[in-house]
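Below is one structure; the comments refer to it alone.
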Protein chains: 2
Amino acid sequence: MELTRPVESDKGFEKVFAFLRERLLAGSLKPGDRLVSERELASQLGVSRPIVREALRALTVLGIVEIRDRIGTVVTRPDVSVLNDFFTFALAQQADMLDDVMQARVAIECQAIRLACARAGIADFERLQRALAQIEATIDEADAGGMADFEFHRTIVLASHSETLTVLHNSLAGLLTHSHRSRRELVQSFPSVKTYLVDDHRRIFEAVIARDPERADATLRKHFAIGDEYRRRALVGETDGRKASR
Amino acid sequence: MELTRPVESDKGFEKVFAFLRERLLAGSLKPGDRLVSERELASQLGVSRPIVREALRALTVLGIVEIRDRIGTVVTRPDVSVLNDFFTFALAQQADMLDDVMQARVAIECQAIRLACARAGIADFERLQRALAQIEATIDEADAGGMADFEFHRTIVLASHSETLTVLHNSLAGLLTHSHRSRRELVQSFPSVKTYLVDDHRRIFEAVIARDPERADATLRKHFAIGDEYRRRALVGETDGRKASR
DNA sequence: ATCTGACCTTGGTCAGACCAGTAGGATGAC
DNA sequence: GTCATCCTACTGGTCTGACCAAGGTCAGAT
């Protein structure tokens, strides 16, 4: 004759997870805090320890907490690598998503470069300049050149001084690095690609230096578009100065 | 004199997680597949069932698999809600990040609207038009108006037909909904805000219809900028036609 | 005052058990 | 022979209680 479900709307795992979620979101559990032991948590919530462990493990893979052996469970600053994990899984099962992810990267970078024009400091400019020099220096190397390219774009995002944009860009770029190498090899067949790479990045750099958001955005978009164009032409077998004769 | 660690490099949870991760990434486990029962998995890997459950639960919160009660565990298409969870946690602990998240939202939407100009179909246009009508109809209501506003922007992103952009926008927008309401109340004191809201969205709509990416992007950015401006003026106590006299 | 070691607590794991439904085969009725 | 029904094996969901190894703490010895 008693209530089948007294107060608890969620059972077991959901209960514990919701409990911790609430504390985390409300701010009563802050990064650095060490939460109570698994046994105590289990007893407080009226569930068994394995269930508590499930919830803690779930928070761990989400990068919210860290379980330290024989020490306890502590709240951490949300980590980026979670997104990386997620996207890795997501991409593994939908390879056709690459172009789509690229669109998101373009979105992030174009916004970042606008912010960078307003917020970048001397240190950012210097770092950008070094990245640009590195691109020129490694123009003939596939691997090093790709890394230099990546570093340049990453520096732009860093110069936006936006944590969120940086996090997102890191996650997205991480996914794209795999395809980056093959892309670079693809366009190596075009001699003109080298001047394109150097000149484009230089123009982007100059636009940021000039603190001209519109020009920077437009130049960056054009840069991406030209890269796409090269890849498209490579796919149909063209090389510089000669149309594919299919 | 015996091996402390026979062959297994990872213990317990890591072992199971790595095992499943490998299968997932290699593609031998594809979405829709039902994996073996927890008991069998435990026995195969030489671990206990609670450990297996930890690993499965971890994959669940990552949106990789779905545990169906009394049915089994099946591999799912990577789900969006994971990002939502993550961002929610991440933001909860760094409230000052709101403006920063807004920048990311602008980034996503501006890229989305460009794609929308190229990819949107009649159905998208119709939905946009309905959203626009809803904005006009609910212009005097705080809650309904906010929802209509949100719906309009969401429709734009949907019209981009980009899964990644949609996912990111959903996550980011979810975070911003909390602050959305207060923002809307803040600007209610400006009578001119109503015409701004309606006219701006209409201009955005028209730019998409015209399939003009540049104009759409610019108009959307302006829309966001004006919103910021209103909030800035509200903060210093101004109202329409009267400068704050502090 | 310092050092040392026992003890308590922590996470890490396991084994076995029970419940509640589901799926599919066995069984019975038509 | 076909169909509806029932039963059993199996699934996830959870609990209990236990053991291990190692970090922290603090009392007692030096």
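Ordering of the structure tokens sets the chain letters (A, B, ...), residue numbers begin anew at 1 in every chain, and ligands are numbered from 1 in the order given.
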
Using only C-alpha atoms (C1' of nucleotides), select each residue of chain B with any atom at most 7 Å away from an atom of chain D, and give the selection as a short mmCIF file (atom, residue, chain, number, x, y, z; two decimals) with C-alpha atoms, in the first residue's frame.
data_model
loop_
_atom_site.label_atom_id
_atom_site.label_comp_id
_atom_site.auth_asym_id
_atom_site.auth_seq_id
_atom_site.Cartn_x
_atom_site.Cartn_y
_atom_site.Cartn_z
CA ASP B 69 17.33 -2.62 -20.58
CA ARG B 70 16.86 -6.35 -20.92
CA ILE B 71 17.71 -6.14 -24.61
CA GLY B 72 21.42 -5.63 -24.84
#

Dump as JSON, numbers by chain the residues of chain C that approach chain B to within 8 Å, counting only C-alpha atoms (C1' of nucleotides). {"C": [13, 14, 21, 22]}

Any chance you could export the current selection's C-alpha atoms (C1' of nucleotides) as a PDB file, in the first residue's frame?
ATOM      1  C1'  DT C  13      38.207  -5.488  -8.254  1.00  0.00           C
ATOM      2  C1'  DC C  14      35.802  -9.749  -7.810  1.00  0.00           C
ATOM      3  C1'  DG C  21      11.207  -8.114 -18.171  1.00  0.00           C
ATOM      4  C1'  DT C  22      12.181  -9.845 -23.249  1.00  0.00           C
TER       5       DT C  22
END

A straight line from CA of Phe190 (chain B) to CA of Glu214 (chain B) spans 29.5 Å

What are the residues of chain A that have an atom within 7 Å of an atom of chain B, counting only C-alpha atoms, as an NGL selection string? :A and (25 or 27 or 30 or 50 or 54 or 57-58 or 61-62 or 78 or 86 or 89-90 or 92 or 100-101 or 104 or 107-108 or 111 or 162-165)

Could you give me, as a PyMOL selection string, each residue of region 2-154 of chain A that DSSP assigns to helix (DSSP H, G or I) when run on this structure's backbone? chain A and resi 13-26+38-45+49-61+81-93+95-119+122-137+142-154

Between CA of Ser37 (chain A) and CA of Gly46 (chain B), what is the distance, to one decimal in Å? 26.9 Å

Atomic distance C1' of DA20 (chain C) - CA of Glu22 (chain A), expressed in Å with one decimal: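 Rounded to one decimal, the two atoms are 29.4 Å apart.
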
DSSP on the backbone: what in region 24-242 of chain B comes out strand (DSSP E), as a list in words? Arg34, Leu35, Val65, Glu66, Ile67, Arg68, Gly72, Thr73, Val74 and Val75 of chain B

Neighbour list for Gln129 (chain B) as a ChimeraX atom specification, cut-off 9 Å, only C-alpha atoms (C1' of nucleotides), skip fewer than 6 positions in-chain: /B:152,202,205

Atoms to include: all heavy atoms. Write the selected residues as a CSV table (one decimal), in the first residue's frame.
chain,number,residue,atom,x,y,z
B,152,PHE,N,14.2,30.9,-35.0
B,152,PHE,CA,14.7,31.4,-36.3
B,152,PHE,C,16.2,31.1,-36.6
B,152,PHE,O,16.5,30.7,-37.6
B,152,PHE,CB,14.4,32.9,-36.3
B,152,PHE,CG,14.8,33.6,-37.6
B,152,PHE,CD1,13.9,33.7,-38.6
B,152,PHE,CD2,16.1,34.2,-37.7
B,152,PHE,CE1,14.3,34.3,-39.8
B,152,PHE,CE2,16.4,34.9,-38.9
B,152,PHE,CZ,15.6,34.9,-39.9
B,202,ARG,N,14.0,40.0,-40.7
B,202,ARG,CA,13.5,40.0,-42.1
B,202,ARG,C,14.6,40.2,-43.1
B,202,ARG,O,14.7,39.5,-44.1
B,202,ARG,CB,12.4,41.1,-42.3
B,202,ARG,CG,11.9,41.3,-43.7
B,202,ARG,CD,10.7,42.0,-43.8
B,202,ARG,NE,9.6,41.4,-43.0
B,202,ARG,CZ,8.9,40.4,-43.5
B,202,ARG,NH1,9.2,39.9,-44.7
B,202,ARG,NH2,7.9,39.9,-42.8
B,205,PHE,N,16.5,37.1,-43.5
B,205,PHE,CA,15.7,36.1,-44.3
B,205,PHE,C,15.8,36.4,-45.7
B,205,PHE,O,16.1,35.5,-46.6
B,205,PHE,CB,14.3,36.2,-43.8
B,205,PHE,CG,13.3,35.5,-44.6
B,205,PHE,CD1,13.3,34.1,-44.7
B,205,PHE,CD2,12.3,36.1,-45.4
B,205,PHE,CE1,12.4,33.4,-45.5
B,205,PHE,CE2,11.4,35.5,-46.2
B,205,PHE,CZ,11.5,34.1,-46.2
